[in-house]
Amino acid sequence: MTLSDALLLLERCFSGVGEGAPRLQEQEDARFALRPSAVWLEYRWYVQARGMAEVFLKWPRHAAGQGATAEATVLRVHLLGVSPLLSERAARLLVGGTPSRDRVLDLFGDDGVRRECVSLGRTNVTVEHWDPLPGPRPLLDDARFTSLAEVLEAPDATPEARHEAVQRLADERSPRVVAALLALVARKPSLMALRVLSEWGVVESREALLRDLALVRPDNPADLWTLTALDRRLQAWGALP
């Protein structure tokens with residue numbers, strides 16, 4: 001699919017659905033011109049009921065002069081929260097495609113996310129279901145939780161140790177984990193904790209995120225892009241009733 005075709009498909013499938021935050025269009029923002037990547041990105045955040053469809057498009061940077069006729073290489077949707085309508089709209093993107101394997105699985109293996117993937121020409125279209133499974137999430141053993149939380153609080157813990165502790169804590173989606181992660185990001189930057197909190201829709205983390213975003217140097221467009229995208233995600237969560 002050309003970029004123009006992909007954009008038309010998005011507009012058609014999500015027609016009438018509100019967007020919770022401004023679109024993030026990398027090619028139109030000079031701050032991201034030097035981001036070390038072979039592709040341009042565009043993000044959107046559609047919101048409805050208690051859910052969000054986070055959409056992103058990729059197309060080659062070397063095709064910048066081609067404009068809307070450039071080939072869209074990836075169209076991906078992350079479904080977060082709960083919204084049957086958004087799930088139905090996202091499913092429309094897959095109609096007419098040839099079933100295929102998501103390349104993410106080849107890079108990172110099975111991460112537990114349910115994916116539906118098709119090819120439309122040379123464009124890979126994927127719908128990822130990040131919504132929680134029905135029923136309660138298992139709690140970590142109290143001793144295990146305490147051990148992991150202590151890593152977050154330890155002043156001498158390495159960033160790598162905190163990153164891993166956040167990942168392990170995120171297996172338990174609970175108020176005590178949210179509190180531990182909020183306490184961490186209030187004390188010091190933690191991109192992994194902000195990723196988890198933004199995925200869960202914890203809008204209270206936005207103050208810490210904006211603090212970290214303000215400290216990013218202009219010559220670090222990769223972190224600038226990542227934190228800006230997470231901020232827009234939290235902004236979109238905040239737009240829900």
# chains A, B, ... in the order shown; residues from 1 in each chain; ligands from 1
>>> residues_around(residues="A:Pro60", least_positions_apart="4", cutoff="10 Å", atoms="only C-alpha atoms", output="PyMOL selection string")
chain A and resi 37-41+64+70-73
>>> residues_around(residues="A:Arg92", least_positions_apart="3", cutoff="9 Å", atoms="only C-alpha atoms", output="list in words")
Leu9, Cys13, Phe14, Ser87, Glu88, Arg89 and Val95 of chain A
>>> residues_around(residues="A:Glu153", least_positions_apart="3", cutoff="10 Å", atoms="only C-alpha atoms", output="list in words")
Leu148, Ala149, Glu150, Asp156, Ala157, Arg162, Ala180, Ala183, Leu184 and Arg187 of chain A
>>> write_last_selection(atoms="all heavy atoms", output="short mmCIF file (atom, residue, chain, number, x, y, z; two decimals), in the first residue's frame")
data_model
loop_
_atom_site.label_atom_id
_atom_site.label_comp_id
_atom_site.auth_asym_id
_atom_site.auth_seq_id
_atom_site.Cartn_x
_atom_site.Cartn_y
_atom_site.Cartn_z
N LEU A 148 11.51 -7.07 45.07
CA LEU A 148 11.56 -6.26 43.85
C LEU A 148 11.37 -4.78 44.15
O LEU A 148 12.04 -3.92 43.57
CB LEU A 148 10.49 -6.74 42.87
CG LEU A 148 10.71 -8.13 42.27
CD1 LEU A 148 9.47 -8.60 41.53
CD2 LEU A 148 11.91 -8.12 41.33
N ALA A 149 10.45 -4.48 45.07
CA ALA A 149 10.21 -3.08 45.43
C ALA A 149 11.44 -2.46 46.07
O ALA A 149 11.72 -1.27 45.88
CB ALA A 149 9.01 -2.99 46.37
N GLU A 150 12.19 -3.26 46.82
CA GLU A 150 13.41 -2.74 47.45
C GLU A 150 14.46 -2.37 46.41
O GLU A 150 15.24 -1.44 46.63
CB GLU A 150 13.96 -3.78 48.43
CG GLU A 150 13.14 -3.91 49.71
CD GLU A 150 13.62 -5.03 50.61
OE1 GLU A 150 14.44 -5.86 50.14
OE2 GLU A 150 13.18 -5.09 51.79
N ASP A 156 21.65 2.57 45.34
CA ASP A 156 22.80 2.05 44.59
C ASP A 156 22.40 1.05 43.52
O ASP A 156 23.27 0.44 42.88
CB ASP A 156 23.81 1.41 45.55
CG ASP A 156 23.20 0.28 46.37
OD1 ASP A 156 21.95 0.19 46.42
OD2 ASP A 156 23.97 -0.49 46.97
N ALA A 157 21.11 0.85 43.29
CA ALA A 157 20.67 -0.08 42.24
C ALA A 157 21.04 0.48 40.87
O ALA A 157 20.90 1.67 40.61
CB ALA A 157 19.17 -0.31 42.34
N ARG A 162 16.95 -1.90 38.05
CA ARG A 162 15.62 -1.29 38.21
C ARG A 162 14.72 -1.65 37.03
O ARG A 162 13.53 -1.93 37.20
CB ARG A 162 15.75 0.24 38.34
CG ARG A 162 16.25 0.71 39.69
CD ARG A 162 16.02 2.20 39.88
NE ARG A 162 16.73 2.99 38.90
CZ ARG A 162 17.97 3.43 39.05
NH1 ARG A 162 18.65 3.14 40.14
NH2 ARG A 162 18.56 4.16 38.11
N ALA A 180 4.20 1.56 43.77
CA ALA A 180 5.66 1.42 43.74
C ALA A 180 6.26 2.08 42.50
O ALA A 180 7.31 2.74 42.58
CB ALA A 180 6.03 -0.07 43.78
N ALA A 183 6.06 5.89 42.81
CA ALA A 183 7.09 6.37 43.73
C ALA A 183 8.45 6.40 43.04
O ALA A 183 9.25 7.33 43.25
CB ALA A 183 7.14 5.49 44.97
N LEU A 184 8.71 5.39 42.21
CA LEU A 184 9.99 5.36 41.49
C LEU A 184 10.11 6.53 40.54
O LEU A 184 11.12 7.25 40.56
CB LEU A 184 10.11 4.04 40.72
CG LEU A 184 11.28 3.94 39.73
CD1 LEU A 184 12.61 4.07 40.46
CD2 LEU A 184 11.21 2.64 38.94
N ARG A 187 10.88 9.85 41.99
CA ARG A 187 12.24 10.06 42.51
C ARG A 187 13.25 10.24 41.41
O ARG A 187 14.18 11.06 41.52
CB ARG A 187 12.66 8.86 43.38
CG ARG A 187 11.95 8.74 44.70
CD ARG A 187 12.67 7.73 45.60
NE ARG A 187 12.86 6.43 44.95
CZ ARG A 187 11.96 5.45 44.99
NH1 ARG A 187 10.82 5.63 45.64
NH2 ARG A 187 12.20 4.30 44.38
#
>>> closest_residue(among="A:Ala208, A:Cys117, A:Ala179, A:Ala222", to="A:Arg101", atoms="only C-alpha atoms")
A:Cys117
>>> residues_around(residues="A:Ala6", least_positions_apart="5", cutoff="12 Å", atoms="only C-alpha atoms", output="list in words")
Met1, Glu11, Arg12, Cys13, Glu42, Val55, Phe56, Leu57, Lys58, Trp59, Ala68, Thr69, Ala70, Glu71, Ala72, Thr73, Val74, Leu75, Arg76, Leu93, Leu94, Leu120, Gly121, Arg122, Thr123, Asn124 and Val125 of chain A
>>> residues_around(residues="A:Leu191", least_positions_apart="2", cutoff="9 Å", atoms="only C-alpha atoms", output="VMD selection string")
chain A and resid 163 185 189 193 to 196 209 226 to 227
>>> select_by_dssp(residues="stretch 16-100 of chain A", states="helix (DSSP H, G or I)", output="PyMOL selection string")
chain A and resi 26-28+30-32+61-69+84-92
>>> atom_distance(atom1="atom CA of A:Ala229", atom2="atom CA of A:Leu210")
11.5 Å
>>> select_by_dssp(residues="stretch 21-161 of chain A", states="strand (DSSP E)", output="JSON, numbers by chain")
{"A": [24, 25, 39, 40, 41, 42, 43, 44, 45, 46, 47, 48, 50, 51, 52, 53, 54, 55, 56, 57, 58, 59, 60, 74, 75, 76, 77, 78, 79, 80, 81, 82, 98, 99, 114, 115, 116, 117, 118, 119, 120, 123, 124, 125, 126, 127, 128, 129]}
>>> atom_distance(atom1="atom CA of A:Ala30", atom2="atom CA of A:Ser190")
25.9 Å
>>> closest_residue(among="A:Gln48, A:Ser205, A:Thr2, A:Ser15", to="A:Pro241", atoms="only C-alpha atoms")
A:Gln48
>>> closest_residue(among="A:Ala165, A:Leu79, A:Leu230, A:Leu197", to="A:Leu213", atoms="only C-alpha atoms")
A:Leu230
>>> atom_distance(atom1="atom CA of A:Val127", atom2="atom CA of A:Leu10")
12.6 Å
>>> residues_around(residues="A:Leu86", least_positions_apart="5", cutoff="12 Å", atoms="only C-alpha atoms", output="JSON, numbers by chain")
{"A": [13, 14, 15, 16, 17, 18, 19, 45, 46, 47, 48, 49, 50, 51, 52, 53, 54, 55, 77, 78, 79, 80, 81, 91, 92, 93, 127, 128, 129, 131]}
>>> residues_around(residues="A:Asn220", least_positions_apart="5", cutoff="10 Å", atoms="only C-alpha atoms", output="PyMOL selection string")
chain A and resi 31-32+34-36+225
>>> decode(residues="stretch 73-124 of chain A", atoms="C-alpha atoms", output="PDB file, in the first residue's frame")
ATOM      1  CA  THR A  73       5.826  -0.714   5.347  1.00  0.00           C
ATOM      2  CA  VAL A  74       3.951  -1.140   8.655  1.00  0.00           C
ATOM      3  CA  LEU A  75       0.482  -0.281   9.932  1.00  0.00           C
ATOM      4  CA  ARG A  76       0.089  -1.423  13.527  1.00  0.00           C
ATOM      5  CA  VAL A  77      -2.640  -0.996  16.132  1.00  0.00           C
ATOM      6  CA  HIS A  78      -2.257  -1.510  19.886  1.00  0.00           C
ATOM      7  CA  LEU A  79      -5.617  -2.126  21.537  1.00  0.00           C
ATOM      8  CA  LEU A  80      -5.467  -1.076  25.194  1.00  0.00           C
ATOM      9  CA  GLY A  81      -8.198  -1.127  27.806  1.00  0.00           C
ATOM     10  CA  VAL A  82     -11.679  -2.303  26.897  1.00  0.00           C
ATOM     11  CA  SER A  83     -13.672  -1.069  23.898  1.00  0.00           C
ATOM     12  CA  PRO A  84     -15.558  -3.541  21.673  1.00  0.00           C
ATOM     13  CA  LEU A  85     -16.085  -0.749  19.151  1.00  0.00           C
ATOM     14  CA  LEU A  86     -12.369  -0.055  18.790  1.00  0.00           C
ATOM     15  CA  SER A  87     -11.678  -3.781  18.459  1.00  0.00           C
ATOM     16  CA  GLU A  88     -14.245  -4.004  15.680  1.00  0.00           C
ATOM     17  CA  ARG A  89     -12.845  -0.950  13.889  1.00  0.00           C
ATOM     18  CA  ALA A  90      -9.286  -2.277  14.132  1.00  0.00           C
ATOM     19  CA  ALA A  91     -10.424  -5.627  12.689  1.00  0.00           C
ATOM     20  CA  ARG A  92     -11.580  -3.794   9.559  1.00  0.00           C
ATOM     21  CA  LEU A  93      -7.938  -3.016   8.771  1.00  0.00           C
ATOM     22  CA  LEU A  94      -7.291  -6.729   8.265  1.00  0.00           C
ATOM     23  CA  VAL A  95     -10.059  -7.341   5.714  1.00  0.00           C
ATOM     24  CA  GLY A  96      -8.766  -8.520   2.361  1.00  0.00           C
ATOM     25  CA  GLY A  97      -5.233  -9.143   3.576  1.00  0.00           C
ATOM     26  CA  THR A  98      -3.143 -12.297   3.279  1.00  0.00           C
ATOM     27  CA  PRO A  99      -2.495 -13.876   6.704  1.00  0.00           C
ATOM     28  CA  SER A 100       1.160 -13.546   7.635  1.00  0.00           C
ATOM     29  CA  ARG A 101       3.549 -13.805  10.579  1.00  0.00           C
ATOM     30  CA  ASP A 102       4.362 -10.685  12.557  1.00  0.00           C
ATOM     31  CA  ARG A 103       8.066  -9.877  12.331  1.00  0.00           C
ATOM     32  CA  VAL A 104       8.038  -8.791  15.992  1.00  0.00           C
ATOM     33  CA  LEU A 105       7.829 -12.473  16.936  1.00  0.00           C
ATOM     34  CA  ASP A 106      11.031 -13.154  15.019  1.00  0.00           C
ATOM     35  CA  LEU A 107      12.816 -10.358  16.871  1.00  0.00           C
ATOM     36  CA  PHE A 108      11.572 -10.804  20.436  1.00  0.00           C
ATOM     37  CA  GLY A 109       9.794 -14.160  20.573  1.00  0.00           C
ATOM     38  CA  ASP A 110       6.376 -14.759  22.101  1.00  0.00           C
ATOM     39  CA  ASP A 111       5.636 -11.984  24.596  1.00  0.00           C
ATOM     40  CA  GLY A 112       2.090 -13.103  25.376  1.00  0.00           C
ATOM     41  CA  VAL A 113       0.380 -10.405  23.297  1.00  0.00           C
ATOM     42  CA  ARG A 114      -2.312 -11.738  20.959  1.00  0.00           C
ATOM     43  CA  ARG A 115      -1.653 -10.576  17.412  1.00  0.00           C
ATOM     44  CA  GLU A 116      -3.532 -10.711  14.131  1.00  0.00           C
ATOM     45  CA  CYS A 117      -1.343  -9.999  11.136  1.00  0.00           C
ATOM     46  CA  VAL A 118      -1.928  -9.747   7.383  1.00  0.00           C
ATOM     47  CA  SER A 119      -0.097  -8.412   4.363  1.00  0.00           C
ATOM     48  CA  LEU A 120      -1.718  -5.869   2.069  1.00  0.00           C
ATOM     49  CA  GLY A 121       0.739  -5.783  -0.788  1.00  0.00           C
ATOM     50  CA  ARG A 122       4.081  -5.059   0.841  1.00  0.00           C
ATOM     51  CA  THR A 123       2.483  -3.467   3.895  1.00  0.00           C
ATOM     52  CA  ASN A 124       2.391  -5.475   7.129  1.00  0.00           C
TER      53      ASN A 124
END
